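One file, model00.cif, is given below (mmCIF, C-alpha atoms).
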data_upload
#
loop_
_atom_site.label_atom_id
_atom_site.label_comp_id
_atom_site.auth_asym_id
_atom_site.auth_seq_id
_atom_site.Cartn_x
_atom_site.Cartn_y
_atom_site.Cartn_z
CA MET A 1 3.15 -23.72 3.61
CA PHE A 2 5.66 -20.85 3.38
CA ASP A 3 9.30 -21.50 2.54
CA ILE A 4 11.22 -18.25 3.07
CA LYS A 5 14.98 -17.94 2.87
CA LEU A 6 17.74 -15.35 2.50
CA SER A 7 20.88 -17.09 1.29
CA ASP A 8 24.54 -16.09 0.99
CA SER A 9 25.15 -18.83 -1.56
CA ALA A 10 23.69 -19.87 -4.94
CA LEU A 11 19.94 -20.55 -5.07
CA HIS A 12 18.88 -24.07 -6.02
CA ILE A 13 15.86 -23.87 -8.27
CA ASP A 14 15.16 -27.58 -8.12
CA GLU A 15 15.11 -27.56 -4.31
CA ILE A 16 12.71 -24.59 -4.31
CA TYR A 17 10.47 -26.33 -6.86
CA ARG A 18 10.37 -29.46 -4.71
CA SER A 19 9.38 -27.42 -1.65
CA VAL A 20 6.07 -26.35 -3.27
CA VAL A 21 5.10 -29.33 -5.42
CA SER A 22 2.00 -31.14 -4.13
CA PRO A 23 -0.16 -34.08 -5.26
CA ARG A 24 -3.22 -31.82 -4.88
CA CYS A 25 -1.80 -29.31 -7.37
CA GLY A 26 -1.72 -29.39 -11.14
CA ALA A 27 0.45 -26.30 -11.44
CA VAL A 28 3.74 -24.98 -10.12
CA SER A 29 4.61 -21.47 -11.30
CA LEU A 30 8.21 -20.40 -10.99
CA PHE A 31 9.89 -17.00 -11.39
CA VAL A 32 13.66 -16.62 -11.49
CA GLY A 33 15.15 -13.13 -11.36
CA THR A 34 18.67 -13.11 -12.78
CA THR A 35 21.40 -10.48 -12.72
CA ARG A 36 22.03 -8.50 -15.94
CA ASP A 37 25.41 -7.47 -17.34
CA ASN A 38 24.38 -4.01 -18.55
CA PHE A 39 22.62 -0.82 -17.43
CA GLU A 40 22.07 2.11 -19.81
CA GLY A 41 25.11 1.17 -21.88
CA LEU A 42 27.38 0.52 -18.90
CA MET A 43 28.92 -2.92 -18.42
CA VAL A 44 28.07 -4.34 -15.02
CA THR A 45 30.94 -6.34 -13.53
CA LYS A 46 29.60 -7.10 -10.08
CA LEU A 47 26.30 -6.96 -8.16
CA ILE A 48 26.10 -6.96 -4.39
CA TYR A 49 22.91 -7.40 -2.38
CA GLU A 50 22.38 -6.57 1.27
CA SER A 51 19.27 -6.63 3.42
CA TYR A 52 17.73 -5.70 6.72
CA GLU A 53 17.38 -9.41 7.32
CA LYS A 54 15.01 -9.49 10.27
CA MET A 55 12.56 -7.11 8.59
CA ALA A 56 13.05 -8.65 5.13
CA ILE A 57 11.92 -12.04 6.46
CA LYS A 58 8.87 -10.40 8.08
CA MET A 59 7.96 -8.52 4.90
CA ILE A 60 8.38 -11.62 2.70
CA ARG A 61 6.02 -13.37 5.10
CA THR A 62 3.58 -10.46 4.63
CA VAL A 63 3.77 -10.96 0.85
CA CYS A 64 3.03 -14.68 1.31
CA GLU A 65 0.07 -13.96 3.60
CA GLU A 66 -1.36 -11.42 1.16
CA ILE A 67 -1.13 -14.02 -1.61
CA LEU A 68 -3.12 -16.56 0.41
CA GLU A 69 -5.78 -13.93 1.12
CA LYS A 70 -6.09 -12.96 -2.54
CA TRP A 71 -5.72 -16.42 -4.09
CA THR A 72 -7.28 -18.86 -1.66
CA GLU A 73 -6.47 -21.90 -3.83
CA ILE A 74 -2.69 -21.44 -3.52
CA GLU A 75 -1.19 -24.40 -1.67
CA HIS A 76 2.48 -23.50 -1.08
CA VAL A 77 4.62 -20.39 -1.52
CA ALA A 78 8.43 -20.35 -1.61
CA ILE A 79 10.45 -17.13 -1.84
CA HIS A 80 14.25 -17.32 -1.69
CA HIS A 81 16.49 -14.27 -2.19
CA ARG A 82 20.24 -14.33 -2.52
CA LEU A 83 22.49 -11.84 -0.66
CA GLY A 84 26.13 -10.82 -1.02
CA GLU A 85 27.87 -10.88 -4.39
CA VAL A 86 25.80 -12.44 -7.18
CA PRO A 87 27.72 -13.10 -10.42
CA VAL A 88 26.11 -11.95 -13.69
CA SER A 89 23.46 -14.38 -15.02
CA GLU A 90 22.93 -16.12 -11.69
CA ALA A 91 19.60 -16.13 -9.83
CA SER A 92 19.09 -13.33 -7.31
CA VAL A 93 15.51 -14.32 -6.46
CA VAL A 94 13.38 -17.42 -6.98
CA ILE A 95 9.64 -17.54 -6.32
CA ALA A 96 7.57 -20.72 -6.61
CA LEU A 97 3.86 -21.26 -6.03
CA SER A 98 1.61 -24.28 -6.36
CA SER A 99 -2.13 -24.39 -6.96
CA PRO A 100 -4.66 -26.97 -8.18
CA HIS A 101 -5.10 -24.97 -11.43
CA ARG A 102 -2.57 -22.78 -13.25
CA LYS A 103 -4.51 -19.49 -13.28
CA ASP A 104 -4.08 -18.88 -9.54
CA SER A 105 -0.38 -19.60 -9.33
CA LEU A 106 0.41 -17.61 -12.51
CA GLU A 107 -1.47 -14.53 -11.28
CA ALA A 108 -0.08 -14.80 -7.76
CA LEU A 109 3.46 -15.17 -9.13
CA HIS A 110 3.26 -11.79 -10.88
CA TYR A 111 1.92 -10.20 -7.70
CA ALA A 112 4.65 -11.83 -5.59
CA ILE A 113 7.62 -10.39 -7.49
CA ASP A 114 6.07 -6.92 -7.83
CA ARG A 115 5.19 -6.80 -4.13
CA LEU A 116 8.63 -8.07 -3.13
CA LYS A 117 10.21 -5.21 -5.08
CA GLU A 118 7.80 -2.78 -3.43
CA ILE A 119 8.10 -3.61 0.29
CA VAL A 120 10.95 -6.03 1.14
CA PRO A 121 14.05 -4.21 2.49
CA ILE A 122 16.74 -5.62 0.20
CA PHE A 123 19.26 -3.38 -1.58
CA LYS A 124 21.41 -3.91 -4.65
CA LYS A 125 24.60 -2.11 -5.67
CA GLU A 126 25.83 -2.39 -9.25
CA HIS A 127 29.54 -2.05 -9.96
CA TYR A 128 30.49 -0.95 -13.49
CA GLN A 129 33.50 -1.64 -15.68
CA ASP A 130 34.41 2.08 -15.71
CA GLY A 131 35.00 1.89 -11.95
CA GLY A 132 31.70 3.50 -10.92
CA ALA A 133 29.04 1.93 -8.72
CA GLU A 134 25.44 2.75 -7.90
CA TRP A 135 22.72 1.72 -5.46
CA LYS A 136 19.71 0.75 -7.55
CA GLN A 137 16.09 1.83 -6.96
CA ASN A 138 13.00 -0.19 -7.81
CA ALA A 139 10.25 1.67 -9.67
CA GLU A 140 7.79 -0.26 -7.44
CA CYS A 141 9.22 1.36 -4.28
CA SER A 142 7.16 4.45 -3.41
CA TRP A 143 10.13 6.43 -1.99
CA SER A 144 12.43 5.81 -4.96
CA ARG A 145 13.34 8.80 -7.12
CA CYS A 146 12.12 6.73 -10.08
CA ALA A 147 8.91 5.57 -8.38
CA ALA A 148 6.24 4.64 -10.89
CA ILE A 149 3.75 6.50 -8.68
CA PRO A 150 5.57 9.61 -7.38
CA LYS A 151 4.33 9.94 -3.83
CA HIS A 152 5.32 9.41 -0.26
CA ASN A 153 2.40 7.34 0.83
CA ASN A 154 2.80 4.69 3.45
CA ASN A 155 -0.76 3.45 3.26
CA ASN A 156 0.33 0.48 1.17
CA PHE A 157 1.88 -1.17 4.20
CA MET B 1 9.99 16.07 27.97
CA HIS B 2 10.82 12.38 28.43
CA LYS B 3 13.81 11.10 26.50
CA VAL B 4 14.64 7.55 25.42
CA VAL B 5 17.66 5.76 23.97
CA VAL B 6 16.91 4.06 20.64
CA ARG B 7 19.07 1.98 18.33
CA VAL B 8 19.44 3.36 14.79
CA LEU B 9 20.35 0.96 11.95
CA LEU B 10 21.56 2.27 8.59
CA PHE B 11 21.49 0.33 5.34
CA ALA B 12 22.92 0.59 1.82
CA LYS B 13 23.58 4.21 0.75
CA ALA B 14 22.60 5.53 4.21
CA ARG B 15 25.31 3.33 5.75
CA GLU B 16 27.88 4.45 3.18
CA ILE B 17 27.16 8.18 3.55
CA SER B 18 27.13 8.12 7.35
CA GLY B 19 30.00 5.66 7.64
CA LYS B 20 27.95 3.94 10.35
CA LYS B 21 26.05 0.68 10.45
CA GLU B 22 24.35 1.35 13.77
CA GLU B 23 24.45 3.72 16.71
CA SER B 24 22.36 4.42 19.80
CA VAL B 25 20.94 7.94 20.06
CA THR B 26 18.83 9.82 22.58
CA VAL B 27 15.55 11.26 21.31
CA PHE B 28 12.27 12.55 22.70
CA SER B 29 9.80 9.77 23.38
CA LYS B 30 6.90 11.73 21.87
CA ILE B 31 7.99 12.96 18.48
CA SER B 32 6.53 13.34 15.01
CA TYR B 33 7.80 11.20 12.15
CA GLN B 34 9.14 14.32 10.43
CA GLU B 35 10.98 15.52 13.56
CA LEU B 36 12.57 12.10 14.04
CA ARG B 37 13.56 11.90 10.35
CA ASP B 38 15.05 15.41 10.42
CA PHE B 39 17.01 14.62 13.59
CA ILE B 40 18.40 11.40 12.09
CA VAL B 41 19.25 13.10 8.78
CA GLU B 42 21.14 15.82 10.68
CA TYR B 43 22.84 13.47 13.14
CA PHE B 44 24.06 11.03 10.47
CA SER B 45 24.70 13.67 7.73
CA LEU B 46 22.16 12.09 5.39
CA GLN B 47 21.14 15.34 3.65
CA PRO B 48 22.03 14.02 0.14
CA ILE B 49 19.35 11.30 0.42
CA LYS B 50 16.86 13.04 2.72
CA SER B 51 14.09 13.00 0.13
CA SER B 52 14.45 9.31 -0.66
CA LEU B 53 14.57 7.49 2.63
CA ILE B 54 11.97 6.10 4.97
CA LEU B 55 12.09 5.03 8.62
CA ALA B 56 11.03 1.66 9.96
CA ILE B 57 10.39 1.29 13.68
CA ASN B 58 10.78 -2.19 15.18
CA GLU B 59 10.72 -3.75 11.70
CA GLN B 60 7.53 -1.97 10.62
CA TYR B 61 7.34 0.87 8.10
CA SER B 62 6.30 3.94 10.02
CA ASP B 63 3.15 5.87 9.16
CA ALA B 64 4.27 9.48 8.65
CA ASN B 65 0.87 10.83 9.74
CA ILE B 66 0.68 9.32 13.22
CA PRO B 67 2.66 10.86 16.12
CA LEU B 68 5.29 8.44 17.43
CA LYS B 69 5.74 7.25 20.99
CA LEU B 70 9.16 5.67 21.28
CA ASN B 71 10.41 3.43 24.07
CA ASP B 72 13.91 2.68 25.34
CA GLY B 73 15.49 0.01 23.17
CA ASP B 74 13.29 0.59 20.11
CA THR B 75 15.03 -0.05 16.78
CA ILE B 76 14.79 2.62 14.09
CA ALA B 77 16.02 1.65 10.64
CA VAL B 78 16.95 4.12 7.93
CA ILE B 79 15.72 2.51 4.70
CA PRO B 80 16.89 3.96 1.36
CA PRO B 81 14.98 3.04 -1.84
CA LEU B 82 14.50 -0.72 -2.16
CA SER B 83 16.20 -2.62 -4.95
CA GLY B 84 15.58 -6.28 -4.21
CA GLY B 85 14.50 -8.76 -6.82
#
Show me the file's structure as structure tokens.
Amino acid sequence: MFDIKLSDSALHIDEIYRSVVSPRCGAVSLFVGTTRDNFEGLMVTKLIYESYEKMAIKMIRTVCEEILEKWTEIEHVAIHHRLGEVPVSEASVVIALSSPHRKDSLEALHYAIDRLKEIVPIFKKEHYQDGGAEWKQNAECSWSRCAAIPKHNNNNF
Amino acid sequence: MHKVVVRVLLFAKAREISGKKEESVTVFSKISYQELRDFIVEYFSLQPIKSSLILAINEQYSDANIPLKLNDGDTIAVIPPLSGG
């Protein structure tokens, strides 16, 4: 039911799609996060991801479980995240969900990527053409400096 | 006061600033989240990111409001802001 993977090599969207497709389901919703070549006018030359793998797998599983609680019609959930260097324009994350009708998988898909950004311990460093580099911070993460909701509140876990 | 040896893991910017990926340290078994965080910040020279890190204990985000009771061999991870996706 859950297909969870952290991968050091390129993600295969077709393989992830096939892992959720089901004869009971009339919808597969798919999100692909890809790496961008620019940040506030700076040219990004390289992006490197690292994770706390053991906890990341646990937290991705938590996201999957939350989805099944909120959208009971969801049949399968697949979340694959790439680690290490990810060239510009390649997929860093792929999420796929199947459900009998499209509404559930479309809504759950939006939740899945937002929640992943909020609680899964994965970190990205951008390297710029001018030689600089920076660890990024998701607005969804409550202890980021750029948190959308400025607080230090752990109740969301 | 009872002391325990715990394993501290450091990720991303915390790893870069401290120059360490992991290290075992001795801490009090009964300790508040804030005391543990302050000790780790001091020990690993993480002052520049003190306000934007969180601790996970045995792969669970720690609740800052509940006093901790640590055991020998527990794993404490220093988690800077997340940027997955």
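The smallest atom-to-atom distance between chain B and any of A:Lys103, A:His76, A:Arg61, A:Lys54, using all atoms listed in the file, is found for A:Lys54.
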**OP:** Considering all atoms listed in the file, return as JSON, numbers by chain whatever protein or nucleic-acid residues lie within 7 Å of segment 5-15 of chain B, sequence-local ones (same chain, fewer than 4 positions apart) excluded.
**Re:** {"A": [123, 135], "B": [19, 20, 21, 22, 23, 24, 25, 26, 27, 46, 72, 73, 74, 75, 76, 77, 78, 79, 80]}
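The shell of residues at most 10 Å from Ser83 of chain B, with all atoms listed in the file counted and near chain neighbours (fewer than 4 positions) removed, consists of Tyr49, Glu50, Ser51, Leu116, Lys117, Glu118, Ile119, Val120, Pro121, Ile122, Phe123, Lys124, Lys125, Trp135, Lys136, Gln137, Asn138, Ala139, Glu140, Cys141 and Ser144 of chain A.
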Store the residues picked out above in a file with C-alpha atoms, as a PDB file, in the coordinates of the input.
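Everything below was put into result.pdb:
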ATOM      1  CA  TYR A  49      22.910  -7.400  -2.380  1.00  0.00           C
ATOM      2  CA  GLU A  50      22.380  -6.570   1.270  1.00  0.00           C
ATOM      3  CA  SER A  51      19.270  -6.630   3.420  1.00  0.00           C
ATOM      4  CA  LEU A 116       8.630  -8.070  -3.130  1.00  0.00           C
ATOM      5  CA  LYS A 117      10.210  -5.210  -5.080  1.00  0.00           C
ATOM      6  CA  GLU A 118       7.800  -2.780  -3.430  1.00  0.00           C
ATOM      7  CA  ILE A 119       8.100  -3.610   0.290  1.00  0.00           C
ATOM      8  CA  VAL A 120      10.950  -6.030   1.140  1.00  0.00           C
ATOM      9  CA  PRO A 121      14.050  -4.210   2.490  1.00  0.00           C
ATOM     10  CA  ILE A 122      16.740  -5.620   0.200  1.00  0.00           C
ATOM     11  CA  PHE A 123      19.260  -3.380  -1.580  1.00  0.00           C
ATOM     12  CA  LYS A 124      21.410  -3.910  -4.650  1.00  0.00           C
ATOM     13  CA  LYS A 125      24.600  -2.110  -5.670  1.00  0.00           C
ATOM     14  CA  TRP A 135      22.720   1.720  -5.460  1.00  0.00           C
ATOM     15  CA  LYS A 136      19.710   0.750  -7.550  1.00  0.00           C
ATOM     16  CA  GLN A 137      16.090   1.830  -6.960  1.00  0.00           C
ATOM     17  CA  ASN A 138      13.000  -0.190  -7.810  1.00  0.00           C
ATOM     18  CA  ALA A 139      10.250   1.670  -9.670  1.00  0.00           C
ATOM     19  CA  GLU A 140       7.790  -0.260  -7.440  1.00  0.00           C
ATOM     20  CA  CYS A 141       9.220   1.360  -4.280  1.00  0.00           C
ATOM     21  CA  SER A 144      12.430   5.810  -4.960  1.00  0.00           C
TER      22      SER A 144
END
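Distances to chain A were evaluated for B:Ile54, B:Pro48, B:Lys69, B:Tyr43 using all atoms listed in the file, and the minimum falls at B:Ile54.
Residues surrounding segment 82-89 of chain A within 8 Å are Leu6, Ser7, Asp8, Ser9, Ala10, Leu11, Thr34, Thr35, Arg36, Asp37, Val44, Thr45, Lys46, Leu47, Ile48, Tyr49, Glu50, Ser51, Ser92 and Val93 of chain A [only C-alpha atoms; sequence separation below 3 positions excluded].
Listed by chain and then by number, the residues chosen by the PyMOL selection byres ((chain B) within 6 of (chain A)) in this file are B:Ser52, B:Glu59, B:Asp63, B:Pro81, B:Leu82, B:Ser83, B:Gly84, B:Gly85.
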Can you report as AutoDock Vina command-line options the centre and edge lengths in Å, to one decimal, of an axis-aligned box around the listed atoms of segment 132-140 of chain A padded with 4 Å on each side?
--center_x 19.7 --center_y 1.6 --center_z -8.2 --size_x 31.9 --size_y 11.8 --size_z 13.5
Original post:
Residues at most 7 Å from Val20 of chain A, counting all atoms listed in the file, excluding those fewer than 6 positions away in the same chain, as number ranges by chain?
Top reply: A: 76-78, 96-98
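With distances taken over all atoms listed in the file, A:Ala112 is the one residue among A:Arg102, A:Leu30, A:Leu42, A:Ala112 lying closest to Glu66 of chain A.
If you measure from each of B:Met1, B:Ile57, B:Ile49, B:Val41 to Phe28 of chain B using only C-alpha atoms, the closest one turns out to be B:Met1.
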**OP:** Would you please work out which residue, of A:Ala148, A:Ala133, A:Ala108, A:Met43, is nearest to Ile74 of chain A when using only C-alpha atoms?
**Re:** A:Ala108
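Interatomic distance, atom CA of Ala27 of chain A against atom CA of Ser105 of chain A: 7.1 Å.
Atom to atom, atom CA of Glu107 of chain A and atom CA of Trp71 of chain A stand 8.6 Å apart.
Proximity of A:Cys64, A:Glu90, A:Gly41, A:Ile95 to Ser19 of chain A, computed with only C-alpha atoms, is greatest for A:Ile95.
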Original post:
For the atom pair atom CA of Ile17 of chain B and atom CA of Lys50 of chain B, what is the interatomic distance in Å to one decimal place?
Top reply: 11.4 Å
